[in-house]
Each structure stands twice: as structure tokens, then as C-alpha cells.
$ cat input07.txt   # compact mmCIF, C-alpha atoms and all ligand atoms
# COMPACT_ATOMS: atom_id res chain seq x y z
CA MET A 421 -129.50 -60.11 45.46
CA GLN A 422 -127.66 -57.00 44.51
CA LYS A 423 -129.52 -54.40 42.47
CA LEU A 424 -126.86 -53.57 39.86
CA SER A 425 -123.91 -55.80 39.13
CA PRO A 426 -120.68 -53.74 39.23
CA LEU A 427 -119.11 -52.25 36.13
CA GLN A 428 -115.31 -52.16 36.43
CA PRO A 429 -112.68 -50.54 34.21
CA LEU A 430 -109.93 -52.90 33.02
CA SER A 431 -106.36 -51.94 32.36
CA HIS A 432 -104.07 -53.77 29.98
CA PRO A 433 -101.13 -52.49 27.89
CA LEU A 434 -102.89 -53.51 24.69
CA PHE A 435 -105.86 -51.27 25.44
CA ASP A 436 -103.55 -48.26 25.85
CA GLN A 437 -101.64 -49.04 22.67
CA HIS A 438 -104.87 -49.06 20.70
CA ASN A 439 -106.53 -46.17 22.52
CA LEU A 440 -109.42 -48.25 23.73
CA LYS A 441 -111.38 -48.13 26.93
CA VAL A 442 -112.48 -51.55 28.16
CA SER A 443 -114.78 -52.30 31.09
CA ILE A 444 -116.35 -55.43 32.43
CA LYS A 445 -119.88 -55.94 33.72
CA ARG A 446 -119.37 -58.30 36.64
CA ASP A 447 -122.44 -60.49 36.51
CA ASP A 448 -120.24 -63.16 38.10
CA LEU A 449 -120.61 -61.15 41.32
CA ILE A 450 -124.43 -61.18 41.39
CA HIS A 451 -124.43 -64.11 43.81
CA PRO A 452 -121.77 -66.60 44.98
CA VAL A 453 -123.68 -69.53 43.47
CA ILE A 454 -126.44 -68.40 41.06
CA SER A 455 -124.17 -66.09 39.17
CA GLY A 456 -123.93 -64.62 35.75
CA ASN A 457 -126.27 -65.08 32.90
CA LYS A 458 -127.81 -68.19 34.43
CA TRP A 459 -129.39 -66.07 37.16
CA ARG A 460 -130.49 -63.46 34.62
CA LYS A 461 -132.17 -66.19 32.60
CA LEU A 462 -133.79 -67.92 35.56
CA LYS A 463 -135.22 -64.86 37.25
CA TYR A 464 -138.43 -64.48 35.23
CA ASN A 465 -138.78 -68.22 34.80
CA ILE A 466 -138.96 -68.49 38.58
CA ASN A 467 -141.54 -65.68 38.74
CA HIS A 468 -143.57 -67.48 36.09
CA VAL A 469 -143.42 -70.74 38.04
CA ILE A 470 -144.52 -69.09 41.26
CA ASN A 471 -147.28 -67.01 39.65
CA ASN A 472 -148.73 -69.94 37.73
CA GLY A 473 -148.88 -72.45 40.52
CA TYR A 474 -146.20 -74.83 39.30
CA LYS A 475 -144.29 -76.73 41.97
CA GLY A 476 -140.94 -76.36 40.30
CA ILE A 477 -138.81 -76.57 37.17
CA LEU A 478 -137.63 -79.39 34.95
CA SER A 479 -134.65 -78.71 32.73
CA PHE A 480 -131.74 -80.26 30.83
CA GLY A 481 -127.97 -80.14 30.93
CA GLY A 482 -124.62 -81.87 30.74
CA SER A 483 -122.94 -83.17 33.87
CA TYR A 484 -120.88 -80.00 34.37
CA SER A 485 -123.64 -77.55 33.43
CA ASN A 486 -123.61 -74.07 34.94
CA HIS A 487 -127.35 -73.87 34.31
CA ILE A 488 -128.09 -77.07 36.27
CA HIS A 489 -125.89 -75.86 39.13
CA ALA A 490 -127.64 -72.47 39.29
CA LEU A 491 -131.11 -73.97 38.89
CA ALA A 492 -130.58 -76.41 41.74
CA PHE A 493 -129.52 -73.64 44.09
CA ALA A 494 -132.38 -71.39 43.00
CA GLY A 495 -134.77 -74.27 43.67
CA LYS A 496 -133.53 -74.52 47.22
CA LYS A 497 -133.62 -70.77 47.73
CA TYR A 498 -137.18 -70.36 46.43
CA ALA A 499 -138.49 -73.65 47.83
CA LEU A 500 -139.22 -75.05 44.37
CA ARG A 501 -138.73 -78.60 43.19
CA THR A 502 -136.09 -79.06 40.54
CA HIS A 503 -135.57 -82.00 38.23
CA ALA A 504 -132.79 -82.26 35.68
CA ILE A 505 -132.43 -84.55 32.70
CA ILE A 506 -128.68 -85.05 32.52
CA ARG A 507 -126.83 -86.15 29.41
CA GLY A 508 -124.51 -89.00 30.28
CA GLU A 509 -123.70 -91.58 32.83
CA GLN A 510 -124.80 -91.89 36.40
CA THR A 511 -121.09 -92.29 37.24
CA HIS A 512 -120.83 -88.50 36.96
CA GLN A 513 -123.20 -87.90 39.83
CA GLY A 514 -120.33 -87.52 42.28
CA ASN A 515 -118.77 -84.58 40.44
CA TYR A 516 -118.87 -81.15 42.02
CA THR A 517 -121.66 -79.75 39.84
CA LEU A 518 -124.04 -82.68 40.29
CA ALA A 519 -123.13 -83.42 43.92
CA SER A 520 -123.95 -79.77 44.72
CA ALA A 521 -127.19 -80.00 42.76
CA LYS A 522 -128.24 -83.15 44.60
CA ARG A 523 -127.39 -81.64 47.93
CA TRP A 524 -129.64 -78.68 47.12
CA GLY A 525 -132.47 -81.10 46.49
CA MET A 526 -132.43 -81.50 42.73
CA GLU A 527 -133.67 -84.77 41.31
CA LEU A 528 -131.43 -86.13 38.55
CA SER A 529 -132.35 -88.44 35.68
CA PHE A 530 -129.51 -89.67 33.52
CA VAL A 531 -130.24 -90.33 29.85
CA ASP A 532 -128.12 -91.55 26.95
CA ARG A 533 -127.06 -89.19 24.18
CA LYS A 534 -129.80 -90.35 21.83
CA THR A 535 -132.53 -89.55 24.32
CA TYR A 536 -130.87 -86.27 25.23
CA GLN A 537 -130.93 -85.22 21.59
CA LYS A 538 -134.72 -85.16 21.77
CA ARG A 539 -134.67 -82.41 24.41
CA SER A 540 -136.37 -79.83 22.19
CA GLU A 541 -138.66 -82.18 20.21
CA ASN A 542 -142.36 -81.64 20.78
CA GLU A 543 -143.23 -85.28 21.21
CA TYR A 544 -140.61 -85.85 23.89
CA LEU A 545 -141.49 -82.59 25.68
CA GLN A 546 -145.18 -83.56 25.63
CA LEU A 547 -144.29 -86.86 27.27
CA LEU A 548 -142.26 -85.12 29.97
CA LYS A 549 -145.09 -82.63 30.52
CA GLU A 550 -147.55 -85.45 31.10
CA ARG A 551 -145.16 -87.24 33.41
CA HIS A 552 -144.26 -84.08 35.37
CA SER A 553 -147.35 -81.88 35.00
CA GLU A 554 -146.54 -79.97 38.18
CA LEU A 555 -143.17 -78.83 36.79
CA PHE A 556 -142.53 -76.02 34.29
CA ILE A 557 -140.13 -77.13 31.56
CA VAL A 558 -137.20 -74.83 30.82
CA PRO A 559 -134.90 -75.63 27.88
CA GLU A 560 -131.19 -76.44 28.14
CA GLY A 561 -129.16 -73.45 29.29
CA GLY A 562 -132.36 -71.74 30.48
CA SER A 563 -132.82 -70.04 27.11
CA ASN A 564 -136.48 -69.28 26.45
CA GLN A 565 -138.65 -66.16 26.02
CA LEU A 566 -138.78 -65.52 29.76
CA ALA A 567 -134.97 -65.53 29.85
CA LEU A 568 -134.80 -62.59 27.44
CA THR A 569 -136.50 -60.28 29.92
CA GLY A 570 -133.99 -61.10 32.63
CA VAL A 571 -130.97 -60.74 30.36
CA GLY A 572 -132.39 -57.45 29.05
CA GLU A 573 -131.82 -56.01 32.51
CA VAL A 574 -128.08 -56.05 31.76
CA ILE A 575 -128.74 -53.36 29.15
CA THR A 576 -131.02 -51.36 31.46
CA GLU A 577 -128.31 -51.44 34.13
CA LEU A 578 -125.55 -50.46 31.71
CA ASP A 579 -127.65 -47.48 30.59
CA GLN A 580 -127.41 -46.24 34.16
CA GLN A 581 -123.70 -47.05 34.52
CA CYS A 582 -121.90 -45.71 31.45
CA SER A 583 -122.03 -44.90 27.79
CA TYR A 584 -120.37 -47.46 25.53
CA ASP A 585 -120.00 -48.50 21.92
CA THR A 586 -119.66 -52.27 21.92
CA LEU A 587 -120.88 -54.99 24.24
CA ILE A 588 -119.31 -58.46 23.99
CA THR A 589 -120.67 -61.74 25.36
CA PRO A 590 -119.81 -65.40 24.96
CA VAL A 591 -122.50 -67.38 23.12
CA GLY A 592 -123.53 -70.94 24.00
CA SER A 593 -127.22 -71.44 23.24
CA GLY A 594 -127.86 -67.85 22.16
CA GLY A 595 -130.29 -66.89 24.93
CA THR A 596 -128.03 -64.29 26.46
CA LEU A 597 -127.20 -62.59 23.19
CA ALA A 598 -130.88 -62.62 22.20
CA GLY A 599 -131.85 -60.94 25.48
CA LEU A 600 -129.24 -58.23 24.97
CA ILE A 601 -130.33 -57.62 21.37
CA ASN A 602 -133.97 -57.48 22.36
CA GLN A 603 -133.48 -54.81 25.00
CA ASP A 604 -130.76 -52.80 23.28
CA ASP A 605 -132.99 -51.90 20.36
CA ASN A 606 -130.21 -51.18 17.83
CA ARG A 607 -128.31 -48.68 19.99
CA HIS A 608 -124.93 -50.41 20.43
CA GLN A 609 -122.78 -52.87 18.59
CA LEU A 610 -123.40 -56.31 20.11
CA LEU A 611 -120.79 -58.98 19.53
CA GLY A 612 -121.31 -62.62 20.42
CA ILE A 613 -118.35 -64.97 20.62
CA ALA A 614 -119.40 -68.54 19.79
CA VAL A 615 -117.86 -71.03 22.20
CA LEU A 616 -118.88 -74.01 20.07
CA LYS A 617 -118.62 -74.95 16.45
CA GLN A 618 -122.18 -74.82 15.10
CA GLN A 619 -122.16 -71.33 13.65
CA ASN A 620 -125.30 -71.12 11.48
CA TYR A 621 -127.39 -72.91 13.99
CA LEU A 622 -126.64 -70.17 16.53
CA VAL A 623 -127.77 -67.29 14.33
CA GLU A 624 -131.00 -69.16 13.66
CA GLU A 625 -131.43 -69.84 17.34
CA VAL A 626 -131.07 -66.16 18.21
CA ASN A 627 -133.49 -65.15 15.45
CA THR A 628 -136.03 -67.68 16.68
CA LEU A 629 -135.80 -66.35 20.23
CA LEU A 630 -136.20 -62.78 18.97
CA GLY A 631 -139.27 -63.68 16.92
CA ASN A 632 -138.81 -63.81 13.20
CA ASN A 633 -140.07 -60.34 12.30
CA HIS A 634 -137.61 -58.41 14.40
CA ASP A 635 -135.72 -55.41 13.01
CA LYS A 636 -132.52 -55.78 15.03
CA ASP A 637 -129.39 -55.67 12.91
CA ASN A 638 -126.74 -54.39 15.32
CA TRP A 639 -125.39 -57.82 16.22
CA GLN A 640 -123.01 -60.43 14.98
CA ILE A 641 -121.71 -63.81 16.11
CA LEU A 642 -118.02 -64.43 15.54
CA ASN A 643 -117.18 -68.07 14.95
CA GLU A 644 -113.42 -68.21 14.90
CA PHE A 645 -112.71 -68.26 18.64
CA HIS A 646 -114.14 -71.59 19.79
CA CYS A 647 -110.61 -73.08 20.01
CA GLY A 648 -111.74 -76.35 18.42
CA GLY A 649 -115.19 -76.76 19.95
CA TYR A 650 -117.19 -76.67 23.13
CA ALA A 651 -114.98 -76.94 26.25
CA LYS A 652 -111.89 -77.41 24.08
CA PHE A 653 -108.76 -75.35 24.54
CA SER A 654 -105.00 -75.67 24.24
CA SER A 655 -102.45 -75.06 26.98
CA GLN A 656 -101.55 -71.87 25.12
CA ASP A 657 -105.19 -70.69 25.30
CA LEU A 658 -105.17 -71.42 29.03
CA ALA A 659 -101.96 -69.47 29.53
CA LEU A 660 -103.38 -66.43 27.72
CA VAL A 661 -106.56 -66.42 29.78
CA GLN A 662 -104.58 -66.80 33.00
CA GLU A 663 -102.27 -63.98 32.07
CA PHE A 664 -105.24 -61.73 31.34
CA SER A 665 -106.79 -62.69 34.69
CA GLN A 666 -103.58 -61.82 36.49
CA LEU A 667 -103.23 -58.45 34.75
CA THR A 668 -106.84 -57.43 35.35
CA LYS A 669 -107.43 -59.24 38.65
CA VAL A 670 -110.70 -60.63 37.32
CA PRO A 671 -111.33 -64.40 37.49
CA PHE A 672 -112.28 -66.18 34.26
CA GLU A 673 -112.80 -69.79 33.17
CA PRO A 674 -111.73 -71.18 29.80
CA ILE A 675 -115.06 -72.55 28.53
CA TYR A 676 -117.03 -69.31 28.11
CA SER A 677 -115.54 -66.06 29.40
CA GLY A 678 -112.00 -67.19 28.54
CA LYS A 679 -112.92 -67.52 24.87
CA MET A 680 -114.40 -64.03 24.94
CA ILE A 681 -111.05 -62.79 26.28
CA LEU A 682 -109.10 -64.59 23.55
CA ALA A 683 -111.44 -63.03 20.99
CA LEU A 684 -111.06 -59.56 22.47
CA LEU A 685 -107.26 -59.69 22.42
CA SER A 686 -107.14 -61.01 18.89
CA LEU A 687 -109.69 -58.49 17.57
CA ILE A 688 -107.84 -55.58 19.16
CA LYS A 689 -104.52 -56.74 17.67
CA ARG A 690 -105.96 -56.84 14.21
CA GLY A 691 -107.44 -53.33 14.54
CA TYR A 692 -111.08 -54.42 14.62
CA PHE A 693 -112.20 -51.63 16.96
CA LYS A 694 -112.11 -47.91 16.15
CA LYS A 695 -109.92 -45.69 18.33
CA ASN A 696 -111.48 -44.28 21.49
CA GLN A 697 -114.23 -46.85 21.59
CA HIS A 698 -115.58 -47.97 24.91
CA ILE A 699 -115.93 -51.74 24.91
CA VAL A 700 -117.88 -53.51 27.64
CA LEU A 701 -117.36 -57.22 28.31
CA LEU A 702 -120.19 -59.14 29.93
CA HIS A 703 -118.80 -61.49 32.57
CA THR A 704 -121.34 -64.29 32.37
CA GLY A 705 -120.06 -66.12 35.47
CA GLY A 706 -119.67 -69.88 35.29
CA LEU A 707 -116.69 -70.09 37.62
CA GLN A 708 -118.07 -73.27 39.19
CA GLY A 709 -116.99 -74.95 35.94
CA LEU A 710 -113.39 -74.57 37.07
CA VAL A 711 -113.94 -77.19 39.75
CA GLY A 712 -115.02 -79.77 37.16
CA LEU A 713 -112.02 -78.94 34.99
CA LYS A 714 -109.75 -79.44 37.98
CA GLU A 715 -111.50 -82.73 38.89
CA GLN A 716 -110.88 -83.96 35.36
CA GLY A 717 -107.24 -82.91 35.51
CA ARG A 718 -107.75 -80.47 32.64
CA ILE A 719 -106.44 -77.43 34.51
CA SER A 720 -103.93 -77.13 37.30
CA GLU A 721 -104.83 -75.64 40.64
CA GLN A 722 -102.51 -72.70 40.22
CA GLY A 723 -103.47 -69.45 38.59
CA TRP A 724 -107.24 -69.99 38.65
CA GLN A 725 -109.68 -68.77 41.24
CA ILE A 726 -111.31 -72.13 41.79
CA PRO A 727 -114.39 -71.97 44.04
CA PRO A 728 -113.98 -73.85 47.33
CA ALA A 729 -115.09 -77.47 47.54
CA LEU A 730 -118.46 -78.38 49.01
CA GLU A 731 -118.48 -77.97 52.72
CA ASP A 732 -120.39 -80.24 55.02
CA GLU A 733 -123.49 -78.59 56.31
C1 LIG B 801 -124.35 -70.70 29.65
C2 LIG B 801 -123.23 -69.76 29.63
C3 LIG B 801 -122.97 -68.89 28.54
C4 LIG B 801 -123.75 -68.97 27.27
O1 LIG B 801 -124.99 -68.35 27.37
P1 LIG B 801 -126.12 -68.63 26.31
O2 LIG B 801 -127.26 -67.83 26.77
O3 LIG B 801 -126.39 -70.11 26.39
O4 LIG B 801 -125.62 -68.26 24.97
C5 LIG B 801 -121.95 -67.99 28.65
N1 LIG B 801 -121.18 -67.93 29.75
C6 LIG B 801 -121.37 -68.74 30.80
C7 LIG B 801 -120.45 -68.63 31.96
C8 LIG B 801 -122.38 -69.67 30.78
O5 LIG B 801 -122.56 -70.49 31.84

$ encode --input "input07.txt" --output "C-alpha cells"
Amino acid sequence: MQKLSPLQPLSHPLFDQHNLKVSIKRDDLIHPVISGNKWRKLKYNINHVINNGYKGILSFGGSYSNHIHALAFAGKKYALRTHAIIRGEQTHQGNYTLASAKRWGMELSFVDRKTYQKRSENEYLQLLKERHSELFIVPEGGSNQLALTGVGEVITELDQQCSYDTLITPVGSGGTLAGLINQDDNRHQLLGIAVLKQQNYLVEEVNTLLGNNHDKDNWQILNEFHCGGYAKFSSQDLALVQEFSQLTKVPFEPIYSGKMILALLSLIKRGYFKKNQHIVLLHTGGLQGLVGLKEQGRISEQGWQIPPALEDE
């Protein structure tokens, strides 16, 4: 894997109009499959598994999960067993995300929504631990303490690459934002863009990951850019993200990074950023999600950089 993910300047008429410099940290280019924040979060989990004699990792996700996709590939790459508890029906096992995961050797267990809701309850986790004692359990999205260390490396890398004022990331479970906050140590403004509707829950989640006595106050989660909820978006939202992709020549998807883009454009228009600021966007990857959106007929083939279909080995 590459040492530093590239930092690229972006040009857009709006940035010039508002005298802003905007760059993007291309974590989507870390690896063709285990890209973005999911690799950052897995890295030290994998070390932990190897150093502590576990045989592999058990984790949780939806049937289009970027985390499950990345974990399955990492399992193959590091010769570790992987087992995923998937929310939903077995009928989804043929979709791109899960078919890839299975091909890379991941074991899948499908559970109903009620069971899936127990994914962070002690009693349920204890049961899974007893049943799979040789596997290390990693929460949904890969967001645990070990993930923070990996995500923190984004900040260490940026310190070597540029000076900047604001760093923006999409927020799903909060693990990525927490890792950035933890390593940044109050030096930059850190903005999280919530991609789902549960605002207060997210702030709590980040605080829990940081440990409750932390002194970090340079961060904020903005809750007005979820476009109606997780994986929801209008055709107008899609058009805006596509247009931005075309102007900047950077691929995005509408579930995570696309919402960060919508937030950026809207914040700039309303004068949120001071003149001459350098804003860095964290590209968290997740482009495999485009295939699922195409399979479901939710996006058209045109105008998106959809990863190629599974090839026969
Ligand atoms: C999972 C994911 C996120 C959200 O990260 P969290 O650490 O869960 O907040 C953002 N972007 C992409 C592409 C993701 O796959």
C-alpha cells in the first residue's frame, strides 16, 4: 500500500469567487478495493488480530456496506477468516458487495432487523464471542478505539503535505471524525457532515470514542446535509454531485462523499468560510457503493465512475 495518499488541489469557479483554496485528500486511491476510511480503520484492527493470535474478524453491516466489502478483501489479503453478520435477507447475497465478499472467502450470516439492532449490546456480543472465540469482533463500520489510530494517520500525512485551516469529512458512525479529532489535537477546524438523520446520537458516539474526559473542542457535526436520510438523495442532488465530479475530475458517490460536496458548495455560497482559507476535503472512498446503486436502478450508468463488475478468476 502507498505510503501517503495524494493531496490534490481542486478548481471550481465558486472557490475563486470566494477566494478559497480547496484540496482533496485522496484516500479513495489508497488501494483499488480496500480504499478510504475503511482501510484506515481496519489497519490497526488487523495488526491487533495478528498480534493476539486471533484467526480473523467478525463484524456487522448492511448488504451494500463499504466496510464489509473492504473487510472481506483484507481478510483474503492477510489470510484471515472473516465473518459478517448482515442486516437483511439472504436474497441480497448475489449483489456486487456481498458476491465480492463471498468470493474473497467471507462467511455471511443474515439476520433480521430486530437481531441486527442488538449489534452493540453486551449480551449479544458475549454470545457471539462464545460462539466465535477465535474471531475478534469489530463493530459496524469498523469504528472502535483501534480505528482511531489508523484514521489519525490522515492528520499526520496532511502535516507533511500542506498547511490548512479546515478539514471536512462525511460522518456515518463517527469513527473517522473521532480519529481525526484525536490526532489533530485542536489545531484545525474539523467539520463532519452527517449523512444520516440521527444528529445527537452522532455527537455522543464521537465523544464516547474519544473517551469522555477529552479536551477537544475544534469540531462540529453539521446535520442539514443528509438529503432526507441515509442513502437518500434527489435527482437534483445527484446532478450537483455529478457536475462537481466533472469539473474537478474526481469520482464521488452520493451516499457519503457526495453529501460532503453538497455541504461544501452550500456552505461556501452562504459565506461560511473566511476568505483565503485552505479547506481540505477527505475523500473517504466508498466508490464500490456505486455498483449497488446501479444494480438497484437508483443511478444511471452515465456520469459516474462505476467500478468494473466482478471478473471471473
Ligand atoms: C463508512 C464511510 C464513511 C463514514 O465513516 P464513519 O467513520 O462511519 O463516520 C464515510 N465515507 C465512506 C465512503 C464510508 O464508506

$ residues_near_ligand --input "input07.txt" --ligand "ligand LIG 801 (chain B)" --cutoff "8 Å" --atoms "only C-alpha atoms and all ligand atoms" --output "mmCIF file with C-alpha atoms, keeping the file's coordinate frame"
data_model
loop_
_atom_site.group_PDB
_atom_site.id
_atom_site.type_symbol
_atom_site.label_atom_id
_atom_site.label_comp_id
_atom_site.auth_asym_id
_atom_site.auth_seq_id
_atom_site.Cartn_x
_atom_site.Cartn_y
_atom_site.Cartn_z
ATOM 1 C CA GLY A 456 -123.930 -64.620 35.750
ATOM 2 C CA ASN A 457 -126.270 -65.080 32.900
ATOM 3 C CA LYS A 458 -127.810 -68.190 34.430
ATOM 4 C CA LYS A 461 -132.170 -66.190 32.600
ATOM 5 C CA SER A 485 -123.640 -77.550 33.430
ATOM 6 C CA ASN A 486 -123.610 -74.070 34.940
ATOM 7 C CA HIS A 487 -127.350 -73.870 34.310
ATOM 8 C CA GLY A 561 -129.160 -73.450 29.290
ATOM 9 C CA GLY A 562 -132.360 -71.740 30.480
ATOM 10 C CA SER A 563 -132.820 -70.040 27.110
ATOM 11 C CA THR A 589 -120.670 -61.740 25.360
ATOM 12 C CA PRO A 590 -119.810 -65.400 24.960
ATOM 13 C CA VAL A 591 -122.500 -67.380 23.120
ATOM 14 C CA GLY A 592 -123.530 -70.940 24.000
ATOM 15 C CA SER A 593 -127.220 -71.440 23.240
ATOM 16 C CA GLY A 594 -127.860 -67.850 22.160
ATOM 17 C CA GLY A 595 -130.290 -66.890 24.930
ATOM 18 C CA THR A 596 -128.030 -64.290 26.460
ATOM 19 C CA LEU A 597 -127.200 -62.590 23.190
ATOM 20 C CA ALA A 598 -130.880 -62.620 22.200
ATOM 21 C CA GLU A 673 -112.800 -69.790 33.170
ATOM 22 C CA ILE A 675 -115.060 -72.550 28.530
ATOM 23 C CA TYR A 676 -117.030 -69.310 28.110
ATOM 24 C CA SER A 677 -115.540 -66.060 29.400
ATOM 25 C CA HIS A 703 -118.800 -61.490 32.570
ATOM 26 C CA THR A 704 -121.340 -64.290 32.370
ATOM 27 C CA GLY A 705 -120.060 -66.120 35.470
ATOM 28 C CA GLY A 706 -119.670 -69.880 35.290
ATOM 29 C CA LEU A 707 -116.690 -70.090 37.620
#

$ closest_residue --input "input07.txt" --among "A:Leu730, A:Ile454, A:Leu713, A:Val700" --to "Cys582 of chain A" --atoms "only C-alpha atoms"
A:Val700

$ residues_around --input "input07.txt" --residues "Asn620 of chain A" --least-positions-apart "2" --cutoff "12 Å" --atoms "all atoms listed in the file" --output "list in words"
Ser593, Gly594, Ala614, Leu616, Lys617, Gln618, Leu622, Val623, Glu624, Glu625, Val626, Asn627, Gln640, Ile641, Leu642 and Asn643 of chain A

$ atom_distance --input "input07.txt" --atom1 "atom CA of Gly508 of chain A" --atom2 "atom CA of Leu629 of chain A"
27.2 Å

$ atom_distance --input "input07.txt" --atom1 "atom CA of Val442 of chain A" --atom2 "atom CA of Pro429 of chain A"
6.1 Å

$ residues_around --input "input07.txt" --residues "Gln708 of chain A" --least-positions-apart "6" --cutoff "10 Å" --atoms "only C-alpha atoms" --output "list in words"
Pro452, Val453, Ile454, Ser455, Tyr484, Ser485, Asn486, His489, Ala490, Tyr516, Thr517, Glu673, Gln725, Ile726, Pro727, Pro728 and Ala729 of chain A

$ residues_around --input "input07.txt" --residues "Arg523 of chain A" --least-positions-apart "6" --cutoff "10 Å" --atoms "only C-alpha atoms" --output "list of chain:residue names"
A:Ala492, A:Phe493, A:Lys496, A:Leu730, A:Glu733

$ atom_distance --input "input07.txt" --atom1 "atom CA of Phe653 of chain A" --atom2 "atom CA of Ile613 of chain A"
14.7 Å

$ decode --input "input07.txt" --residues "segment 637-646 of chain A" --atoms "all heavy atoms" --output "tab-separated table (two decimals), in the first residue's frame"
chain	number	residue	atom	x	y	z
A	637	ASP	N	-12.21	20.61	21.28
A	637	ASP	CA	-13.41	21.40	21.01
A	637	ASP	C	-13.35	22.08	19.64
A	637	ASP	O	-14.04	23.06	19.39
A	637	ASP	CB	-13.60	22.45	22.12
A	637	ASP	CG	-12.37	23.33	22.26
A	637	ASP	OD1	-11.43	23.20	21.44
A	637	ASP	OD2	-12.34	24.16	23.19
A	638	ASN	N	-12.52	21.57	18.77
A	638	ASN	CA	-12.35	22.18	17.44
A	638	ASN	C	-13.17	21.49	16.38
A	638	ASN	O	-12.82	21.50	15.22
A	638	ASN	CB	-10.87	22.13	17.04
A	638	ASN	CG	-10.35	20.71	17.00
A	638	ASN	OD1	-10.78	19.86	17.76
A	638	ASN	ND2	-9.41	20.45	16.10
A	639	TRP	N	-14.26	20.83	16.78
A	639	TRP	CA	-15.02	20.05	15.80
A	639	TRP	C	-16.52	20.28	15.94
A	639	TRP	O	-17.01	20.71	16.98
A	639	TRP	CB	-14.72	18.56	15.95
A	639	TRP	CG	-15.04	17.98	17.29
A	639	TRP	CD1	-14.29	18.11	18.44
A	639	TRP	CD2	-16.18	17.20	17.65
A	639	TRP	NE1	-14.90	17.44	19.47
A	639	TRP	CE2	-16.06	16.87	19.01
A	639	TRP	CE3	-17.29	16.73	16.94
A	639	TRP	CZ2	-17.01	16.10	19.69
A	639	TRP	CZ3	-18.23	15.96	17.62
A	639	TRP	CH2	-18.08	15.64	18.98
A	640	GLN	N	-17.19	19.94	14.86
A	640	GLN	CA	-18.62	20.16	14.78
A	640	GLN	C	-19.21	19.17	13.78
A	640	GLN	O	-18.55	18.82	12.80
A	640	GLN	CB	-18.82	21.56	14.21
A	640	GLN	CG	-19.93	22.33	14.82
A	640	GLN	CD	-20.08	23.67	14.10
A	640	GLN	OE1	-19.12	24.19	13.53
A	640	GLN	NE2	-21.27	24.19	14.10
A	641	ILE	N	-20.43	18.73	14.03
A	641	ILE	CA	-21.11	17.90	13.03
A	641	ILE	C	-22.29	18.69	12.48
A	641	ILE	O	-23.13	19.17	13.25
A	641	ILE	CB	-21.61	16.56	13.64
A	641	ILE	CG1	-20.42	15.75	14.15
A	641	ILE	CG2	-22.39	15.75	12.60
A	641	ILE	CD1	-20.80	14.42	14.79
A	642	LEU	N	-22.33	18.88	11.19
A	642	LEU	CA	-23.45	19.61	10.58
A	642	LEU	C	-24.50	18.60	10.12
A	642	LEU	O	-24.19	17.60	9.49
A	642	LEU	CB	-22.95	20.45	9.39
A	642	LEU	CG	-21.85	21.46	9.74
A	642	LEU	CD1	-21.46	22.27	8.51
A	642	LEU	CD2	-22.29	22.39	10.88
A	643	ASN	N	-25.74	18.91	10.48
A	643	ASN	CA	-26.81	17.92	10.29
A	643	ASN	C	-27.82	18.27	9.22
A	643	ASN	O	-28.86	17.64	9.14
A	643	ASN	CB	-27.57	17.75	11.62
A	643	ASN	CG	-26.70	17.10	12.65
A	643	ASN	OD1	-26.19	16.00	12.44
A	643	ASN	ND2	-26.49	17.77	13.75
A	644	GLU	N	-27.53	19.25	8.41
A	644	GLU	CA	-28.56	19.69	7.46
A	644	GLU	C	-28.30	19.20	6.03
A	644	GLU	O	-28.94	19.66	5.10
A	644	GLU	CB	-28.64	21.20	7.49
A	644	GLU	CG	-27.33	21.82	7.13
A	644	GLU	CD	-27.13	23.21	7.71
A	644	GLU	OE1	-27.70	24.14	7.13
A	644	GLU	OE2	-26.39	23.36	8.70
A	645	PHE	N	-27.34	18.30	5.87
A	645	PHE	CA	-26.98	17.88	4.50
A	645	PHE	C	-27.19	16.39	4.24
A	645	PHE	O	-26.55	15.82	3.36
A	645	PHE	CB	-25.53	18.28	4.22
A	645	PHE	CG	-25.28	19.76	4.38
A	645	PHE	CD1	-24.60	20.24	5.50
A	645	PHE	CD2	-25.77	20.66	3.45
A	645	PHE	CE1	-24.39	21.61	5.67
A	645	PHE	CE2	-25.57	22.03	3.62
A	645	PHE	CZ	-24.88	22.50	4.73
A	646	HIS	N	-28.07	15.76	5.02
A	646	HIS	CA	-28.26	14.32	4.81
A	646	HIS	C	-29.24	14.03	3.68
A	646	HIS	O	-29.43	12.87	3.31
A	646	HIS	CB	-28.70	13.64	6.11
A	646	HIS	CG	-29.92	14.25	6.73
A	646	HIS	ND1	-31.14	14.20	6.14
A	646	HIS	CD2	-30.06	14.97	7.87
A	646	HIS	CE1	-32.02	14.83	6.90
A	646	HIS	NE2	-31.39	15.32	7.95
